[in-house]
2 protein chains.
Amino acid sequence: MGLAPWRGPLARALHRNRSLVYSRYAQLATVDAQGRPHNRTIVFRGFYRDTDTLAFVTDRRSEKVQHIHHQPWGELCWYFPQTREQFRLAGVLELVDGAHPDPWAQAERQERWQALSEAGRQQFLWPHPGQPRTGDLPANAPVPIHPPEHFCVLWLHPQHVDHLELRGQPQNRYCYRQTPLGDWTVVAINP
Amino acid sequence: MGLAPWRGPLARALHRNRSLVYSRYAQLATVDAQGRPHNRTIVFRGFYRDTDTLAFVTDRRSEKVQHIHHQPWGELCWYFPQTREQFRLAGVLELVDGAHPDPWAQAERQERWQALSEAGRQQFLWPHPGQPRTGDLPANAPVPIHPPEHFCVLWLHPQHVDHLELRGQPQNRYCYRQTPLGDWTVVAINP
C-alpha cells in the first residue's frame, strides 16, 4: 500500500513553510481521566520509516503520558502560517519507551535520541516536569549516549485528516478517512 | 478584584508578537461525546469588557458547539513564535448565541459581528460546516447588519494557566490557578 493521500498536501505545506522553524511545531490534544481536554505544542520529528505514522519525542513523566494510557486517541492541530492552511490529524497515539518490545521501535528510539540537539537532550536530565521548581535546573550536565528510561518516542497513527485551506474566498476543505481495510477516502466538505 | 496575574505576561506576549498577524491564532481543544479530543485553530478577538474572559466567534453549526454542550471544559494552547513562549489556558467555555438571556452578552455579540471583516461575515452565510460540499459557496452575498442566529460568541473563562518560556536554557514555567474564591496562586514549576 502506498502513502496516504494526505501525505502530498502535507509534504507541500512543510516544504512551502520551511523557512519558518516553527512550522514544525503543532498542538496535540489529549484527554485526562476526568474527561477534560489538554493541549500543548510539540515538535514534529518526521515520519516513522516509510509509514504514515508521525513521530514526536516526549518524557514519560509528563502528564500527557498518563492521558494516553487512559485514552489513546489524540488530535494534532497543525497550522502553517505562510500558506495559511491547517491540518487536523486524529488517531491512536502509541508510546515507545525503554520497555517497548519491538526492536525496530527501539532502534527508532535510539535514533531519535541521537538526532536531538544537545539542549534537547539536556531537558531529559531535568527534574520531574510540572512539579514545583526547587532550584536551578542542571544546565550543562553531560548527556548520556543512550536515552534515559523516561525518554519516549510518541507515534500518532492518523485515521482522520481534515485539511483546510484559508487562502482564497471561498476556502477549501477536505476530509480524509481511513477505512477498516486501511485505504483512504477523501471528500470535499464545507469550510 | 483586579486582572488575573497571568494577564501581564500574556499582554506582553501579544505586544511583542504583534508584527505576526497569526500571533492572535491559537488552538482550542474540546472533547466529544465519545470522550475523544478535537483540536482546531481559532482567532482571539480580545477580552470581554474588563474581565479575564477571552472572546472568540464561532458557528453554532460547527462540531465544537456540540462538544461544548457535552463537556464545557476546554483548553487553549497559544504559542508565540517571536518570543518563543506558550500559554495553556484551561477553563469553562460558554456560548453566546441569539438566545443568550444576558443583554450585555447580546450587545457583545452584536459588536463582535460588526467588528468582523466582510470576508469573515461571509463565512457565516456558507452552508453547514463539515458537510459534503455540493457546489460553489456564495462569495459575494450581501451580509446582514444583524448577526444570523447561528453566529455565536465563544467565551473561555480560564481557571488554570500554564506559561512556558522556551527562551533561555534552562527554561521557565509558571502555573497559575484560580481558587474557589476567585483569586489566583502562582508557582514556578519544572519545564
# chains A, B, ... in the order shown; residues from 1 in each chain; ligands from 1
call {"tool": "select_by_dssp", "arguments": {"residues": "chain A", "states": "helix (DSSP H, G or I)", "output": "number ranges by chain"}}
result
A: 7-16, 21-24, 63-70, 103-115, 118-125
call {"tool": "residues_around", "arguments": {"residues": "B:Pro191", "least_positions_apart": "3", "cutoff": "7 Å", "atoms": "only C-alpha atoms", "output": "PyMOL selection string"}}
result
(chain A and resi 129-130) or (chain B and resi 171-173)
call {"tool": "interface_residues", "arguments": {"of": "chain B", "to": "chain A", "cutoff": "6 Å", "atoms": "only C-alpha atoms", "output": "PyMOL selection string"}}
result
chain B and resi 29-30+37-40+74-75+77+129-133+188-191
call {"tool": "residues_around", "arguments": {"residues": "A:Arg109", "least_positions_apart": "4", "cutoff": "9 Å", "atoms": "only C-alpha atoms", "output": "PDB file with N, CA and C atoms, in the first residue's frame"}}
result
ATOM      1  N   VAL A  57       8.883  13.276  20.237  1.00  0.00           N
ATOM      2  CA  VAL A  57       9.514  12.711  21.429  1.00  0.00           C
ATOM      3  C   VAL A  57       8.855  13.320  22.655  1.00  0.00           C
ATOM      4  N   VAL A  96       6.636   4.742  22.771  1.00  0.00           N
ATOM      5  CA  VAL A  96       7.772   3.821  22.691  1.00  0.00           C
ATOM      6  C   VAL A  96       8.753   4.215  23.788  1.00  0.00           C
ATOM      7  N   ASP A  97       8.655   3.544  24.931  1.00  0.00           N
ATOM      8  CA  ASP A  97       9.633   3.792  25.996  1.00  0.00           C
ATOM      9  C   ASP A  97      10.664   2.655  25.987  1.00  0.00           C
ATOM     10  N   GLY A  98      11.503   2.621  26.982  1.00  0.00           N
ATOM     11  CA  GLY A  98      12.569   1.624  27.012  1.00  0.00           C
ATOM     12  C   GLY A  98      12.073   0.192  27.073  1.00  0.00           C
ATOM     13  N   TRP A 104      12.575  -2.802  16.175  1.00  0.00           N
ATOM     14  CA  TRP A 104      12.579  -1.684  15.228  1.00  0.00           C
ATOM     15  C   TRP A 104      12.209  -0.390  15.952  1.00  0.00           C
ATOM     16  N   ALA A 105      11.238  -0.494  16.855  1.00  0.00           N
ATOM     17  CA  ALA A 105      10.823   0.683  17.617  1.00  0.00           C
ATOM     18  C   ALA A 105      11.961   1.154  18.519  1.00  0.00           C
ATOM     19  N   TRP A 113      16.896   9.876  19.822  1.00  0.00           N
ATOM     20  CA  TRP A 113      17.735  10.431  20.891  1.00  0.00           C
ATOM     21  C   TRP A 113      19.011  11.046  20.298  1.00  0.00           C
ATOM     22  N   GLN A 114      19.668  10.313  19.408  1.00  0.00           N
ATOM     23  CA  GLN A 114      20.905  10.814  18.793  1.00  0.00           C
ATOM     24  C   GLN A 114      20.636  12.074  17.977  1.00  0.00           C
ATOM     25  N   PRO A 147      19.564   6.795  25.578  1.00  0.00           N
ATOM     26  CA  PRO A 147      18.485   7.601  26.163  1.00  0.00           C
ATOM     27  C   PRO A 147      18.133   7.120  27.571  1.00  0.00           C
ATOM     28  N   PHE A 151      12.812   8.622  28.434  1.00  0.00           N
ATOM     29  CA  PHE A 151      12.771   9.215  27.085  1.00  0.00           C
ATOM     30  C   PHE A 151      11.902   8.333  26.188  1.00  0.00           C
ATOM     31  N   CYS A 152      10.873   8.921  25.602  1.00  0.00           N
ATOM     32  CA  CYS A 152       9.935   8.153  24.764  1.00  0.00           C
ATOM     33  C   CYS A 152       9.843   8.764  23.373  1.00  0.00           C
ATOM     34  N   VAL A 153       9.672   7.891  22.404  1.00  0.00           N
ATOM     35  CA  VAL A 153       9.143   8.326  21.122  1.00  0.00           C
ATOM     36  C   VAL A 153       7.633   8.214  21.219  1.00  0.00           C
TER      37      VAL A 153
END
call {"tool": "residues_around", "arguments": {"residues": "A:Arg49", "least_positions_apart": "4", "cutoff": "10 Å", "atoms": "only C-alpha atoms", "output": "PDB file with N, CA and C atoms, in the first residue's frame"}}
result
ATOM      1  N   THR A  53       2.921   7.193   9.896  1.00  0.00           N
ATOM      2  CA  THR A  53       2.950   7.460  11.330  1.00  0.00           C
ATOM      3  C   THR A  53       3.870   8.635  11.641  1.00  0.00           C
ATOM      4  N   LEU A  54       3.315   9.649  12.335  1.00  0.00           N
ATOM      5  CA  LEU A  54       4.108  10.822  12.707  1.00  0.00           C
ATOM      6  C   LEU A  54       4.853  10.542  14.004  1.00  0.00           C
ATOM      7  N   ALA A  55       6.088  11.018  14.079  1.00  0.00           N
ATOM      8  CA  ALA A  55       6.918  10.780  15.257  1.00  0.00           C
ATOM      9  C   ALA A  55       7.206  12.085  16.002  1.00  0.00           C
ATOM     10  N   TRP A 104      12.575  -2.802  16.175  1.00  0.00           N
ATOM     11  CA  TRP A 104      12.579  -1.684  15.228  1.00  0.00           C
ATOM     12  C   TRP A 104      12.209  -0.390  15.952  1.00  0.00           C
ATOM     13  N   GLU A 108      14.450   2.996  16.489  1.00  0.00           N
ATOM     14  CA  GLU A 108      13.909   4.340  16.231  1.00  0.00           C
ATOM     15  C   GLU A 108      14.125   5.243  17.456  1.00  0.00           C
TER      16      GLU A 108
END
call {"tool": "atom_distance", "arguments": {"atom1": "atom CA of A:Arg24", "atom2": "atom CA of A:Asp50"}}
result
19.0 Å
call {"tool": "select_by_dssp", "arguments": {"residues": "stretch 104-174 of chain B", "states": "strand (DSSP E or B)", "output": "VMD selection string"}}
result
chain B and resid 132 151 to 165 172 to 174
call {"tool": "atom_distance", "arguments": {"atom1": "atom CA of A:Trp155", "atom2": "atom CA of A:Glu94"}}
result
5.0 Å
call {"tool": "closest_residue", "arguments": {"among": "A:Arg16, A:Glu63, A:Gln110, A:Leu154", "to": "A:Ile42", "atoms": "only C-alpha atoms"}}
result
A:Leu154
call {"tool": "residues_around", "arguments": {"residues": "B:Thr51", "least_positions_apart": "6", "cutoff": "10 Å", "atoms": "only C-alpha atoms", "output": "JSON, numbers by chain"}}
result
{"B": [1, 2, 3, 4, 157]}
call {"tool": "write_last_selection", "arguments": {"atoms": "N, CA and C atoms", "output": "compact mmCIF listing (two decimals), in the first residue's frame"}}
result
# COMPACT_ATOMS: atom_id res chain seq x y z
N MET B 1 -11.96 43.24 42.33
CA MET B 1 -10.81 42.37 42.07
C MET B 1 -10.12 42.81 40.76
N GLY B 2 -8.81 42.91 40.78
CA GLY B 2 -8.08 43.36 39.59
C GLY B 2 -7.97 42.25 38.55
N LEU B 3 -7.18 42.49 37.52
CA LEU B 3 -6.97 41.47 36.50
C LEU B 3 -6.13 40.33 37.06
N ALA B 4 -6.30 39.15 36.46
CA ALA B 4 -5.54 37.97 36.90
C ALA B 4 -4.04 38.19 36.66
N HIS B 157 -13.47 31.08 30.09
CA HIS B 157 -13.23 31.61 31.43
C HIS B 157 -12.10 30.79 32.06
